[in-house]
Structure formats: structure tokens, C-alpha cells
file query.txt (compact mmCIF, C-alpha atoms)
# COMPACT_ATOMS: atom_id res chain seq x y z
CA MET I 1 0.00 0.00 0.00
CA LYS I 2 1.03 3.59 -0.49
CA VAL I 3 2.15 4.59 2.98
CA TYR I 4 0.96 8.23 2.97
CA PRO I 5 -1.86 9.72 0.89
CA GLU I 6 -0.31 11.53 -2.08
CA PRO I 7 -1.09 15.11 -0.92
CA MET I 8 0.70 14.42 2.37
CA VAL I 9 3.75 13.10 0.50
CA ALA I 10 3.76 16.20 -1.71
CA LEU I 11 3.56 18.55 1.27
CA MET I 12 6.30 16.70 3.14
CA GLU I 13 8.50 17.02 0.07
CA GLU I 14 7.85 20.75 -0.20
CA PHE I 15 8.56 21.30 3.50
CA GLY I 16 11.62 19.06 3.25
CA ARG I 17 13.11 21.36 0.61
CA MET I 18 13.17 24.28 3.05
CA PRO I 19 16.52 25.12 4.61
CA GLY I 20 17.20 23.37 7.89
CA ILE I 21 14.03 21.25 7.66
CA GLY I 22 14.82 17.53 7.74
CA ARG I 23 12.58 14.61 6.90
CA LYS I 24 11.20 14.21 10.42
CA THR I 25 10.43 17.91 10.83
CA ALA I 26 8.79 18.01 7.39
CA GLU I 27 6.57 15.12 8.51
CA ARG I 28 5.68 16.92 11.73
CA LEU I 29 4.84 20.13 9.86
CA ALA I 30 2.68 18.27 7.34
CA TYR I 31 0.70 16.74 10.22
CA TYR I 32 0.37 20.20 11.72
CA VAL I 33 -1.17 21.46 8.47
CA LEU I 34 -3.42 18.40 8.29
CA ARG I 35 -4.79 19.19 11.73
CA LEU I 36 -5.20 22.93 11.16
CA PRO I 37 -8.73 24.22 10.58
CA GLU I 38 -9.08 24.77 6.82
CA GLU I 39 -9.29 28.54 7.29
CA GLU I 40 -5.96 28.62 9.14
CA ALA I 41 -4.28 26.44 6.54
CA MET I 42 -5.47 28.73 3.78
CA LYS I 43 -4.03 31.71 5.66
CA LEU I 44 -0.65 30.01 5.51
CA ALA I 45 -1.04 29.18 1.80
CA HIS I 46 -2.10 32.74 1.03
CA ALA I 47 0.75 34.23 3.04
CA ILE I 48 3.16 32.29 0.83
CA ARG I 49 1.41 33.47 -2.32
CA ASP I 50 1.32 37.09 -1.12
CA VAL I 51 5.03 37.20 -0.42
CA LYS I 52 5.70 36.18 -4.00
CA GLN I 53 3.04 38.36 -5.56
CA LYS I 54 3.13 41.53 -3.47
CA ILE I 55 6.79 41.96 -2.63
CA ARG I 56 9.08 43.49 -5.22
CA HIS I 57 12.50 45.07 -5.16
CA CYS I 58 12.78 48.85 -4.97
CA SER I 59 14.12 49.96 -8.37
CA ARG I 60 16.38 52.50 -6.68
CA CYS I 61 17.97 50.62 -3.76
CA PHE I 62 16.86 47.00 -4.46
CA ASN I 63 15.57 46.49 -0.94
CA ILE I 64 12.38 44.40 -0.69
CA SER I 65 9.20 46.42 -0.47
CA GLU I 66 5.52 46.45 -1.29
CA THR I 67 5.98 49.84 -2.97
CA ASP I 68 8.41 51.16 -5.57
CA PRO I 69 10.30 53.24 -4.51
CA CYS I 70 10.49 51.68 -1.07
CA GLY I 71 9.63 53.38 2.21
CA VAL I 72 13.21 54.46 2.89
CA CYS I 73 13.89 55.84 -0.60
CA SER I 74 10.65 57.82 -0.63
CA ASP I 75 11.10 59.28 2.85
CA PRO I 76 12.20 62.93 2.52
CA ARG I 77 13.51 62.96 6.10
CA ARG I 78 16.27 60.49 5.23
CA ASP I 79 19.71 61.88 4.44
CA GLN I 80 19.89 61.73 0.64
CA ASN I 81 23.68 62.19 0.55
CA MET I 82 24.64 58.94 2.21
CA VAL I 83 24.25 55.37 0.90
CA CYS I 84 24.90 52.29 2.97
CA VAL I 85 25.79 49.33 0.73
CA VAL I 86 24.73 45.92 2.07
CA GLU I 87 24.58 42.39 0.73
CA GLU I 88 21.01 41.38 1.53
CA PRO I 89 17.64 42.88 2.50
CA LYS I 90 18.06 41.33 5.96
CA ASP I 91 21.10 43.53 6.51
CA VAL I 92 18.87 46.58 5.95
CA ILE I 93 16.53 45.22 8.62
CA ALA I 94 19.41 44.82 11.08
CA ILE I 95 20.65 48.37 10.51
CA GLU I 96 17.13 49.82 10.70
CA LYS I 97 16.53 47.98 13.97
CA MET I 98 19.62 49.67 15.39
CA GLY I 99 17.82 52.96 14.67
CA ARG I 100 20.91 55.14 14.41
CA TYR I 101 21.37 55.35 10.64
CA ASN I 102 19.39 57.93 8.71
CA GLY I 103 20.76 57.67 5.16
CA LEU I 104 19.71 55.55 2.19
CA TYR I 105 20.64 51.98 1.28
CA HIS I 106 21.82 50.01 -1.69
CA VAL I 107 21.29 46.24 -1.63
CA LEU I 108 23.84 44.37 -3.75
CA MET I 109 21.71 41.19 -3.75
CA GLY I 110 24.56 38.95 -2.67
CA HIS I 111 28.32 38.94 -2.57
CA ILE I 112 31.00 38.00 -5.06
CA ALA I 113 31.58 34.26 -4.92
CA PRO I 114 33.32 32.94 -8.05
CA LEU I 115 33.06 29.33 -6.85
CA ASP I 116 29.27 29.66 -6.69
CA GLY I 117 29.24 31.46 -10.05
CA VAL I 118 28.45 34.90 -8.59
CA GLU I 119 30.48 37.50 -10.53
CA PRO I 120 30.48 41.26 -9.92
CA ASP I 121 28.02 41.71 -12.79
CA ASP I 122 25.48 39.51 -11.00
CA LEU I 123 25.25 42.12 -8.24
CA THR I 124 23.72 45.58 -8.45
CA ILE I 125 27.09 47.36 -8.57
CA GLN I 126 26.39 49.02 -11.94
CA ASN I 127 23.14 50.41 -10.53
CA LEU I 128 25.04 51.77 -7.55
CA MET I 129 27.52 53.52 -9.84
CA ALA I 130 24.66 55.09 -11.80
CA ARG I 131 23.09 56.26 -8.53
CA VAL I 132 26.31 57.81 -7.30
CA LYS I 133 26.60 59.82 -10.50
CA ARG I 134 22.93 60.74 -10.80
CA GLU I 135 22.02 61.43 -7.19
CA GLY I 136 25.06 63.42 -6.10
CA ILE I 137 25.85 61.08 -3.25
CA VAL I 138 28.56 62.29 -0.88
CA GLU I 139 29.44 59.12 1.04
CA VAL I 140 29.17 55.40 0.29
CA ILE I 141 29.45 53.22 3.41
CA LEU I 142 30.46 49.67 2.53
CA ALA I 143 28.57 47.49 5.01
CA THR I 144 29.08 44.08 3.43
CA ASN I 145 29.83 41.29 5.90
CA PRO I 146 33.27 41.32 7.56
CA ASN I 147 34.30 37.99 6.04
CA LEU I 148 36.17 36.78 2.96
CA GLU I 149 33.35 37.28 0.46
CA GLY I 150 32.10 40.49 2.02
CA ASP I 151 35.58 42.00 2.08
CA ALA I 152 36.21 41.02 -1.56
CA THR I 153 32.86 42.51 -2.53
CA ALA I 154 33.62 45.76 -0.68
CA LEU I 155 36.99 46.03 -2.42
CA GLN I 156 35.39 45.45 -5.81
CA VAL I 157 32.74 48.13 -5.21
CA ALA I 158 35.43 50.55 -4.02
CA LYS I 159 37.48 49.81 -7.13
CA GLU I 160 34.58 50.41 -9.48
CA LEU I 161 33.80 53.72 -7.75
CA GLU I 162 37.41 54.88 -7.99
CA GLY I 163 36.82 57.63 -10.53
CA ALA I 164 33.65 58.96 -8.90
CA ASN I 165 33.82 62.02 -6.69
CA VAL I 166 32.54 60.30 -3.54
CA LYS I 167 33.87 59.41 -0.11
CA ILE I 168 34.06 55.63 0.34
CA THR I 169 34.12 54.15 3.85
CA ARG I 170 34.08 50.62 5.26
CA ILE I 171 32.37 49.70 8.54
CA ALA I 172 34.78 49.08 11.41
CA LYS I 173 36.05 45.62 12.28
CA GLY I 174 37.23 45.06 15.82
CA ILE I 175 36.40 43.47 19.11
CA PRO I 176 32.64 43.19 19.64
CA SER I 177 31.45 45.39 22.47
CA GLY I 178 30.80 43.34 25.60
CA SER I 179 33.39 40.66 24.85
CA ASN I 180 36.78 39.96 26.43
CA ILE I 181 40.16 40.54 24.79
CA GLU I 182 41.24 37.30 26.43
CA TYR I 183 38.72 35.27 24.46
CA VAL I 184 38.64 36.77 20.96
CA ASN I 185 40.79 35.16 18.27
CA SER I 186 43.94 36.63 16.72
CA ALA I 187 42.22 37.78 13.52
CA ILE I 188 39.72 39.86 15.50
CA LEU I 189 42.48 41.23 17.72
CA ALA I 190 44.60 42.13 14.69
CA ASP I 191 41.62 44.01 13.20
CA ALA I 192 41.11 45.84 16.48
CA ILE I 193 44.70 46.96 16.65
CA ALA I 194 44.97 47.86 12.96
CA GLY I 195 41.74 49.87 13.29
CA ARG I 196 42.75 51.72 16.47
CA ARG I 197 41.64 55.35 16.73
CA GLU I 198 43.24 58.31 18.43
CA LEU I 199 41.36 59.21 21.59
CA ARG I 200 42.28 62.88 21.52
CA MET Z 201 9.66 52.87 9.19
CA LYS Z 202 7.92 49.53 9.11
CA VAL Z 203 10.81 47.11 9.37
CA TYR Z 204 9.52 44.32 7.11
CA PRO Z 205 6.98 44.63 4.29
CA GLU Z 206 3.60 43.45 5.57
CA PRO Z 207 3.42 40.20 3.54
CA MET Z 208 6.78 39.13 4.98
CA VAL Z 209 5.54 39.83 8.51
CA ALA Z 210 2.38 37.81 7.85
CA LEU Z 211 4.34 34.86 6.49
CA MET Z 212 6.80 34.93 9.39
CA GLU Z 213 3.86 34.87 11.78
CA GLU Z 214 2.29 31.89 10.01
CA PHE Z 215 5.57 29.97 9.98
CA GLY Z 216 6.18 30.96 13.61
CA ARG Z 217 2.92 29.26 14.62
CA MET Z 218 4.20 25.90 13.39
CA PRO Z 219 5.43 23.48 16.06
CA GLY Z 220 9.14 23.74 16.80
CA ILE Z 221 9.60 26.78 14.55
CA GLY Z 222 10.99 29.75 16.45
CA ARG Z 223 11.18 33.38 15.41
CA LYS Z 224 14.60 33.08 13.76
CA THR Z 225 13.66 29.95 11.80
CA ALA Z 226 10.39 31.55 10.71
CA GLU Z 227 12.40 34.51 9.40
CA ARG Z 228 14.76 32.21 7.54
CA LEU Z 229 11.88 30.28 5.99
CA ALA Z 230 10.13 33.47 4.90
CA TYR Z 231 13.32 34.58 3.13
CA TYR Z 232 13.50 31.17 1.51
CA VAL Z 233 9.98 31.64 0.12
CA LEU Z 234 10.84 35.17 -0.99
CA ARG Z 235 13.75 33.85 -3.02
CA LEU Z 236 11.91 30.88 -4.50
CA PRO Z 237 10.86 31.13 -8.14
CA GLU Z 238 7.14 31.99 -8.13
CA GLU Z 239 6.25 28.59 -9.57
CA GLU Z 240 8.03 26.77 -6.74
CA ALA Z 241 6.38 28.96 -4.10
CA MET Z 242 2.97 28.23 -5.58
CA LYS Z 243 3.73 24.50 -5.45
CA LEU Z 244 4.24 24.88 -1.70
CA ALA Z 245 1.06 26.95 -1.31
CA HIS Z 246 -0.95 24.42 -3.33
CA ALA Z 247 0.50 21.47 -1.42
CA ILE Z 248 -0.85 23.05 1.78
CA ARG Z 249 -4.25 23.63 0.19
CA ASP Z 250 -4.39 20.10 -1.22
CA VAL Z 251 -3.69 18.47 2.12
CA LYS Z 252 -6.67 20.28 3.58
CA GLN Z 253 -8.95 19.79 0.60
CA LYS Z 254 -8.09 16.29 -0.63
CA ILE Z 255 -7.39 14.37 2.54
CA ARG Z 256 -10.27 13.04 4.58
CA HIS Z 257 -10.70 10.44 7.28
CA CYS Z 258 -11.82 6.96 6.32
CA SER Z 259 -15.35 6.62 7.71
CA ARG Z 260 -14.60 3.04 8.76
CA CYS Z 261 -11.18 3.21 10.44
CA PHE Z 262 -10.59 7.01 10.65
CA ASN Z 263 -7.15 6.78 9.07
CA ILE Z 264 -6.28 9.65 6.72
CA SER Z 265 -6.87 8.89 3.07
CA GLU Z 266 -7.73 10.41 -0.27
CA THR Z 267 -10.46 7.83 -0.66
CA ASP Z 268 -13.30 6.65 1.57
CA PRO Z 269 -13.02 3.83 2.52
CA CYS Z 270 -9.22 4.02 2.70
CA GLY Z 271 -6.77 1.76 0.89
CA VAL Z 272 -6.43 -0.66 3.80
CA CYS Z 273 -10.15 -0.96 4.50
CA SER Z 274 -10.96 -1.56 0.82
CA ASP Z 275 -8.19 -4.14 0.28
CA PRO Z 276 -9.80 -7.63 0.20
CA ARG Z 277 -6.41 -9.27 0.90
CA ARG Z 278 -6.27 -7.77 4.40
CA ASP Z 279 -7.40 -9.94 7.29
CA GLN Z 280 -10.90 -8.64 8.07
CA ASN Z 281 -11.02 -10.34 11.47
CA MET Z 282 -8.30 -8.35 13.16
CA VAL Z 283 -8.31 -4.67 14.12
CA CYS Z 284 -5.27 -2.84 15.42
CA VAL Z 285 -6.31 0.17 17.51
CA VAL Z 286 -3.88 3.12 17.41
CA GLU Z 287 -3.91 6.72 18.59
CA GLU Z 288 -2.89 8.58 15.44
CA PRO Z 289 -2.61 8.12 11.67
CA LYS Z 290 1.17 8.23 12.04
CA ASP Z 291 1.00 5.07 14.12
CA VAL Z 292 -0.64 3.34 11.15
CA ILE Z 293 2.27 4.50 8.99
CA ALA Z 294 4.78 3.07 11.47
CA ILE Z 295 3.05 -0.31 11.58
CA GLU Z 296 2.60 -0.43 7.79
CA LYS Z 297 6.30 0.35 7.34
CA MET Z 298 7.13 -2.67 9.49
CA GLY Z 299 5.24 -4.69 6.87
CA ARG Z 300 4.31 -7.62 9.11
CA TYR Z 301 0.73 -6.75 10.01
CA ASN Z 302 -2.02 -7.73 7.63
CA GLY Z 303 -5.20 -6.83 9.50
CA LEU Z 304 -7.28 -3.66 9.63
CA TYR Z 305 -6.86 -0.54 11.76
CA HIS Z 306 -8.91 1.73 13.93
CA VAL Z 307 -7.56 5.21 14.63
CA LEU Z 308 -8.82 6.65 17.92
CA MET Z 309 -7.74 10.19 16.93
CA GLY Z 310 -5.88 10.83 20.16
CA HIS Z 311 -5.69 9.50 23.67
CA ILE Z 312 -7.61 10.18 26.84
CA ALA Z 313 -6.13 13.24 28.56
CA PRO Z 314 -8.55 14.79 31.06
CA LEU Z 315 -6.15 17.68 31.79
CA ASP Z 316 -6.25 18.67 28.12
CA GLY Z 317 -10.01 18.17 28.01
CA VAL Z 318 -9.88 14.96 25.97
CA GLU Z 319 -12.55 12.59 27.32
CA PRO Z 320 -13.30 9.07 26.04
CA ASP Z 321 -16.22 10.45 24.01
CA ASP Z 322 -13.83 12.70 22.05
CA LEU Z 323 -12.19 9.60 20.62
CA THR Z 324 -13.64 7.15 18.10
CA ILE Z 325 -14.27 4.46 20.72
CA GLN Z 326 -18.02 4.33 20.01
CA ASN Z 327 -17.28 3.78 16.32
CA LEU Z 328 -14.92 0.96 17.25
CA MET Z 329 -17.61 -0.71 19.35
CA ALA Z 330 -20.07 -0.46 16.46
CA ARG Z 331 -17.45 -1.99 14.12
CA VAL Z 332 -16.75 -4.87 16.48
CA LYS Z 333 -20.46 -5.71 16.58
CA ARG Z 334 -21.16 -5.16 12.90
CA GLU Z 335 -18.04 -6.61 11.29
CA GLY Z 336 -17.64 -9.77 13.32
CA ILE Z 337 -14.13 -8.90 14.41
CA VAL Z 338 -12.26 -11.70 16.22
CA GLU Z 339 -9.33 -9.81 17.77
CA VAL Z 340 -8.75 -6.21 18.81
CA ILE Z 341 -5.06 -5.38 19.30
CA LEU Z 342 -4.61 -2.32 21.51
CA ALA Z 343 -1.56 -0.54 20.08
CA THR Z 344 -1.85 2.79 21.88
CA ASN Z 345 1.46 4.21 23.10
CA PRO Z 346 3.11 2.43 26.07
CA ASN Z 347 2.88 5.50 28.32
CA LEU Z 348 0.48 6.89 30.91
CA GLU Z 349 -2.11 8.25 28.46
CA GLY Z 350 -1.81 5.36 26.04
CA ASP Z 351 -2.21 2.79 28.82
CA ALA Z 352 -5.24 4.61 30.24
CA THR Z 353 -6.78 4.78 26.78
CA ALA Z 354 -6.16 1.06 26.18
CA LEU Z 355 -7.78 0.21 29.53
CA GLN Z 356 -10.78 2.36 28.68
CA VAL Z 357 -11.24 0.73 25.28
CA ALA Z 358 -10.89 -2.71 26.87
CA LYS Z 359 -13.50 -1.79 29.47
CA GLU Z 360 -16.00 -0.55 26.89
CA LEU Z 361 -15.53 -3.74 24.84
CA GLU Z 362 -16.06 -5.95 27.90
CA GLY Z 363 -19.44 -7.35 26.85
CA ALA Z 364 -18.45 -7.93 23.22
CA ASN Z 365 -17.48 -11.41 22.09
CA VAL Z 366 -13.96 -10.47 20.98
CA LYS Z 367 -10.40 -11.24 21.99
CA ILE Z 368 -8.65 -8.13 23.32
CA THR Z 369 -4.84 -7.97 23.33
CA ARG Z 370 -2.29 -5.30 24.20
CA ILE Z 371 1.07 -4.94 22.42
CA ALA Z 372 4.04 -6.15 24.47
CA LYS Z 373 6.12 -3.83 26.62
CA GLY Z 374 9.66 -4.87 27.38
CA ILE Z 375 13.29 -4.28 26.63
CA PRO Z 376 13.75 -2.88 23.12
CA SER Z 377 15.61 -5.29 20.87
CA GLY Z 378 19.25 -4.27 20.44
CA SER Z 379 19.56 -2.55 23.82
CA ASN Z 380 21.38 -3.62 26.98
CA ILE Z 381 19.74 -4.77 30.21
CA GLU Z 382 22.44 -2.81 32.01
CA TYR Z 383 21.24 0.49 30.58
CA VAL Z 384 17.43 0.29 30.56
CA ASN Z 385 15.55 1.85 33.46
CA SER Z 386 13.67 -0.03 36.18
CA ALA Z 387 10.23 0.58 34.70
CA ILE Z 388 11.27 -1.04 31.41
CA LEU Z 389 12.96 -3.91 33.22
CA ALA Z 390 9.87 -4.45 35.39
CA ASP Z 391 7.72 -4.60 32.23
CA ALA Z 392 10.15 -7.09 30.68
CA ILE Z 393 10.01 -9.39 33.67
CA ALA Z 394 6.26 -9.07 34.19
CA GLY Z 395 5.74 -9.84 30.47
CA ARG Z 396 8.09 -12.84 30.37
CA ARG Z 397 7.03 -15.74 28.15
CA GLU Z 398 7.64 -19.44 28.48
CA LEU Z 399 10.24 -20.62 25.97
CA ARG Z 400 8.92 -24.18 25.69
call {"tool": "encode", "arguments": {"input": "query.txt", "output": "C-alpha cells"}}
result
Amino acid sequence: MKVYPEPMVALMEEFGRMPGIGRKTAERLAYYVLRLPEEEAMKLAHAIRDVKQKIRHCSRCFNISETDPCGVCSDPRRDQNMVCVVEEPKDVIAIEKMGRYNGLYHVLMGHIAPLDGVEPDDLTIQNLMARVKREGIVEVILATNPNLEGDATALQVAKELEGANVKITRIAKGIPSGSNIEYVNSAILADAIAGRRELR
Amino acid sequence: MKVYPEPMVALMEEFGRMPGIGRKTAERLAYYVLRLPEEEAMKLAHAIRDVKQKIRHCSRCFNISETDPCGVCSDPRRDQNMVCVVEEPKDVIAIEKMGRYNGLYHVLMGHIAPLDGVEPDDLTIQNLMARVKREGIVEVILATNPNLEGDATALQVAKELEGANVKITRIAKGIPSGSNIEYVNSAILADAIAGRRELR
């Protein structure tokens, strides 16, 4: 006999494709859906559809948004002279949650990773260059991740912006606030010392 | 600013309601859906809808099925004299996977749990009693879980079937095959000794 009814098998397969969801969890989630009142299950199905159908990328900064331009780009209170360049929309979220940055963003939609086939042209670097020229931006803050790919991506963006009349900065690497010098590794410590600042 | 676009928030909330899915995982899954090609996302949405719309409970044994009666109940090669009583459809799956049982099933749809408001009448015990009378069943195997609730449920089913002319058995508790006497706890060991069988 077929062990599970076909629709259950199909749902388990779909759940099993999701990142970090193994076979057992997929099974558990499929049972959860099976037991949900139909109305609740349809809310979940519609939420999935809506994310695909209602969310687009802002044509200016490439952040995800229901509107184009996005809420940040169309907000006149934001500092229009400053652009913070990040890899992913979730980096925008992190910086917005901090609540201390008031400029604009530019989402690269990834980082350079030749082994995964991601070349500079697969990112939105050309769009950033066009913005810098067109919008009279004064400072570009490179806020890609402080790791191999993020650093390489930041360098590439800086290189492509070389001729433009714009200040280019990179977010600071160093010892995370709240941690102990004793416990951080040498790479972090080296960054902290190389990035030291004069106190007065 | 609103941190996430509304459809992303809605999807994260729906994912976050699922068992074992925390806030961070829900966020990760929502991003996964956002990045899926639309066709793939709709496959997931439709799989959820199909589980709710195409799967029903067999009116005879209450197992989940696309058909009524289910594949087991409508299979003439299955032993019609024997009914294995389980708590949940997933218990049927487990026993079918074993591949050594050839009788029918009866899914109680839970176990007695007064603290959670599940009384005997919330289960399909009455339907089982009607089946035993109507179908001329010879043996009822009580395969509820070997724990407090499962044992109580088995006792209750046995009690309600008292007057019926049917053999009632309970699956064996004991030391799991492949384990060591040294490592099992006293409750398991006590079950193993109480359930000992004559070798010849």
C-alpha cells in the first residue's frame, strides 16, 4: 500500500526542501497542516502566495518592499547624501533595527563568490555607480559582511567607484562590544589593533 | 519605518505558529519563500491547500486517506477479522512500514487526557464498538502508546468492549531489541520481567 496519501507526501517534500528542515520535521509540519482548521491552513497558503506576488525590489535601492520606490527611498527625512551598501535585504533590517542610521541603502543582492558562479556583474554594482553619478551622493558606506566574500565585494565596489567624486568608507572591524580581549581570536584582535583610533 | 513589508511579517507569523519553529527559523523560511521562483512557491502553497482539501478520514477506520473507505479498508487481501487500535494516523504509517501486520486498523484520533479536556467520548471508541459488533471482528489489538495516556486509553477501550465477544490484546512492553539490560531503566525492566514468556 502507499504509505501516505499523495497530498501528504507532496507537502512533506515541499517542506523538506526548506533550509534546515529535515525529513522528520517536514513530517511533523505536514501533520500540523493536516490538523489545522481549513481557514488557518489557507491563511498560511495565502501568506506564501502574497510574499511572492506583493513583494518586489525597490528599483532604486533593491531592498524588498511592497511599494516602488520603497519606504526608505521615498522618505524625505532620510539623508539623501549617504548610501549604505549591504549584501542582503536582511542587513537593511538589522541596521534599521539599530535605529541610528538615517541615510539611504543600496542592496547588492549577494556577494561575489566565483566558486558559486556569482560574478560582480550579478550584483547591483552598476546600478550603484549610476546612482552615485545621478544622485550626487557624498558618502558610500560599505557594510558588506566582515568575512572573505564580504571584504572582496567591498573592495570590488570601491574599485569600481574609484573615478567617482565620492567618499568611500568601510564599517569598522574590531572586538565586539561586551566581549573579552582574552577570548577573541587573533584575527579579530589584529583588526582591532589595525583599526585603532586616536582618543584625543 | 515599518521594518519588514507586511506580507513578509504575515508569512513569518504563520511559519512561527508551526510546532518547533521559532522566530529566527520563521524569518529564515520566509526569506526562503521570498527567493523561490514563483512557480516553486505556488507548489508549496498548493500542497498546503491540497492536504486540507483532498485528505479526509476513512469513515470506517478514521485513518487519513484520499479515498473513503481508505486503501487498507478496501483491500480484500487484508485480514478482516483483526483490528489494530492506534492513537494517530502516524501510528498506522509506522506499523505499515514494518510490513508484518495484515489486519485492519482503527484510529482513535488521540488519547484520553482529562487535563487537556480529551474525554473518552472525544475519541472514536463508540465507532470501534459499532465496528466490532457489525463486522464480526475476532481480535482487537490495543496498540496505543506504552505510556500513561496510552495505557489509560487502552484500559478504557478494553472496558468498553467488555461485553463484546472479541479477543482483546495489548502490544508487548519490554526491553527494546538491540539494547542492553544494564542500561534500561527499572520501569522497562519491570515490564520485561512481568511480560516474560515461556520458551517451551
call {"tool": "interface_residues", "arguments": {"input": "query.txt", "of": "chain Z", "to": "chain I", "cutoff": "8 Å", "atoms": "all atoms listed in the file", "output": "PyMOL selection string"}}
result
chain Z and resi 201+203-208+210-211+214-215+218-219+228-229+232-234+238+241-255+264-266+271-272+293+296-297
call {"tool": "residues_around", "arguments": {"input": "query.txt", "residues": "Cys61 (chain I)", "least_positions_apart": "3", "cutoff": "6 Å", "atoms": "all atoms listed in the file", "output": "ChimeraX atom specification"}}
result
/I:58,105-107
call {"tool": "atom_distance", "arguments": {"input": "query.txt", "atom1": "CA of Asp391 (chain Z)", "atom2": "CA of Gly374 (chain Z)"}}
result
5.2 Å
call {"tool": "residues_around", "arguments": {"input": "query.txt", "residues": "Asn127 (chain I)", "least_positions_apart": "2", "cutoff": "12 Å", "atoms": "all atoms listed in the file", "output": "compact mmCIF listing (two decimals) with C-alpha atoms, in the frame of the given file"}}
result
# COMPACT_ATOMS: atom_id res chain seq x y z
CA CYS I 58 12.78 48.85 -4.97
CA SER I 59 14.12 49.96 -8.37
CA ARG I 60 16.38 52.50 -6.68
CA CYS I 61 17.97 50.62 -3.76
CA PHE I 62 16.86 47.00 -4.46
CA VAL I 85 25.79 49.33 0.73
CA HIS I 106 21.82 50.01 -1.69
CA VAL I 107 21.29 46.24 -1.63
CA LEU I 108 23.84 44.37 -3.75
CA MET I 109 21.71 41.19 -3.75
CA PRO I 120 30.48 41.26 -9.92
CA ASP I 121 28.02 41.71 -12.79
CA ASP I 122 25.48 39.51 -11.00
CA LEU I 123 25.25 42.12 -8.24
CA THR I 124 23.72 45.58 -8.45
CA ILE I 125 27.09 47.36 -8.57
CA MET I 129 27.52 53.52 -9.84
CA ALA I 130 24.66 55.09 -11.80
CA ARG I 131 23.09 56.26 -8.53
CA VAL I 132 26.31 57.81 -7.30
CA LYS I 133 26.60 59.82 -10.50
CA ARG I 134 22.93 60.74 -10.80
CA GLU I 135 22.02 61.43 -7.19
CA VAL I 157 32.74 48.13 -5.21
CA GLU I 160 34.58 50.41 -9.48
CA LEU I 161 33.80 53.72 -7.75
call {"tool": "closest_residue", "arguments": {"input": "query.txt", "among": "Z:Gly310, Z:Gly216, Z:Pro269, Z:Gly303", "to": "Asn345 (chain Z)", "atoms": "all atoms listed in the file"}}
result
Z:Gly310
call {"tool": "residues_around", "arguments": {"input": "query.txt", "residues": "Gln80 (chain I)", "least_positions_apart": "6", "cutoff": "10 Å", "atoms": "all atoms listed in the file", "output": "count of residues only"}}
result
10
call {"tool": "atom_distance", "arguments": {"input": "query.txt", "atom1": "CA of Val366 (chain Z)", "atom2": "CA of Leu399 (chain Z)"}}
result
26.7 Å
call {"tool": "build_atoms", "arguments": {"input": "query.txt", "residues": "region 138-151 of chain I", "atoms": "N, CA and C atoms", "output": "tab-separated table (two decimals), in the coordinates of the input"}}
result
chain	number	residue	atom	x	y	z
I	138	VAL	N	27.32	61.77	-1.46
I	138	VAL	CA	28.56	62.29	-0.88
I	138	VAL	C	29.39	61.16	-0.25
I	139	GLU	N	28.70	60.21	0.40
I	139	GLU	CA	29.44	59.12	1.04
I	139	GLU	C	28.79	57.77	0.77
I	140	VAL	N	29.62	56.79	0.44
I	140	VAL	CA	29.17	55.40	0.29
I	140	VAL	C	29.80	54.59	1.43
I	141	ILE	N	28.95	54.04	2.29
I	141	ILE	CA	29.45	53.22	3.41
I	141	ILE	C	29.36	51.75	2.98
I	142	LEU	N	30.48	51.08	2.93
I	142	LEU	CA	30.46	49.67	2.53
I	142	LEU	C	30.20	48.80	3.75
I	143	ALA	N	28.97	48.27	3.85
I	143	ALA	CA	28.57	47.49	5.01
I	143	ALA	C	28.31	46.04	4.62
I	144	THR	N	29.15	45.51	3.73
I	144	THR	CA	29.08	44.08	3.43
I	144	THR	C	29.66	43.35	4.64
I	145	ASN	N	29.40	42.03	4.71
I	145	ASN	CA	29.83	41.29	5.90
I	145	ASN	C	31.34	41.31	6.07
I	146	PRO	N	31.82	41.32	7.31
I	146	PRO	CA	33.27	41.32	7.56
I	146	PRO	C	33.86	39.92	7.45
I	147	ASN	N	33.68	39.30	6.28
I	147	ASN	CA	34.30	37.99	6.04
I	147	ASN	C	34.93	37.99	4.64
I	148	LEU	N	35.44	36.85	4.23
I	148	LEU	CA	36.17	36.78	2.96
I	148	LEU	C	35.37	37.37	1.79
I	149	GLU	N	34.14	36.85	1.60
I	149	GLU	CA	33.35	37.28	0.46
I	149	GLU	C	32.93	38.74	0.59
I	150	GLY	N	32.54	39.11	1.81
I	150	GLY	CA	32.10	40.49	2.02
I	150	GLY	C	33.23	41.48	1.80
I	151	ASP	N	34.42	41.13	2.27
I	151	ASP	CA	35.58	42.00	2.08
I	151	ASP	C	35.91	42.14	0.59
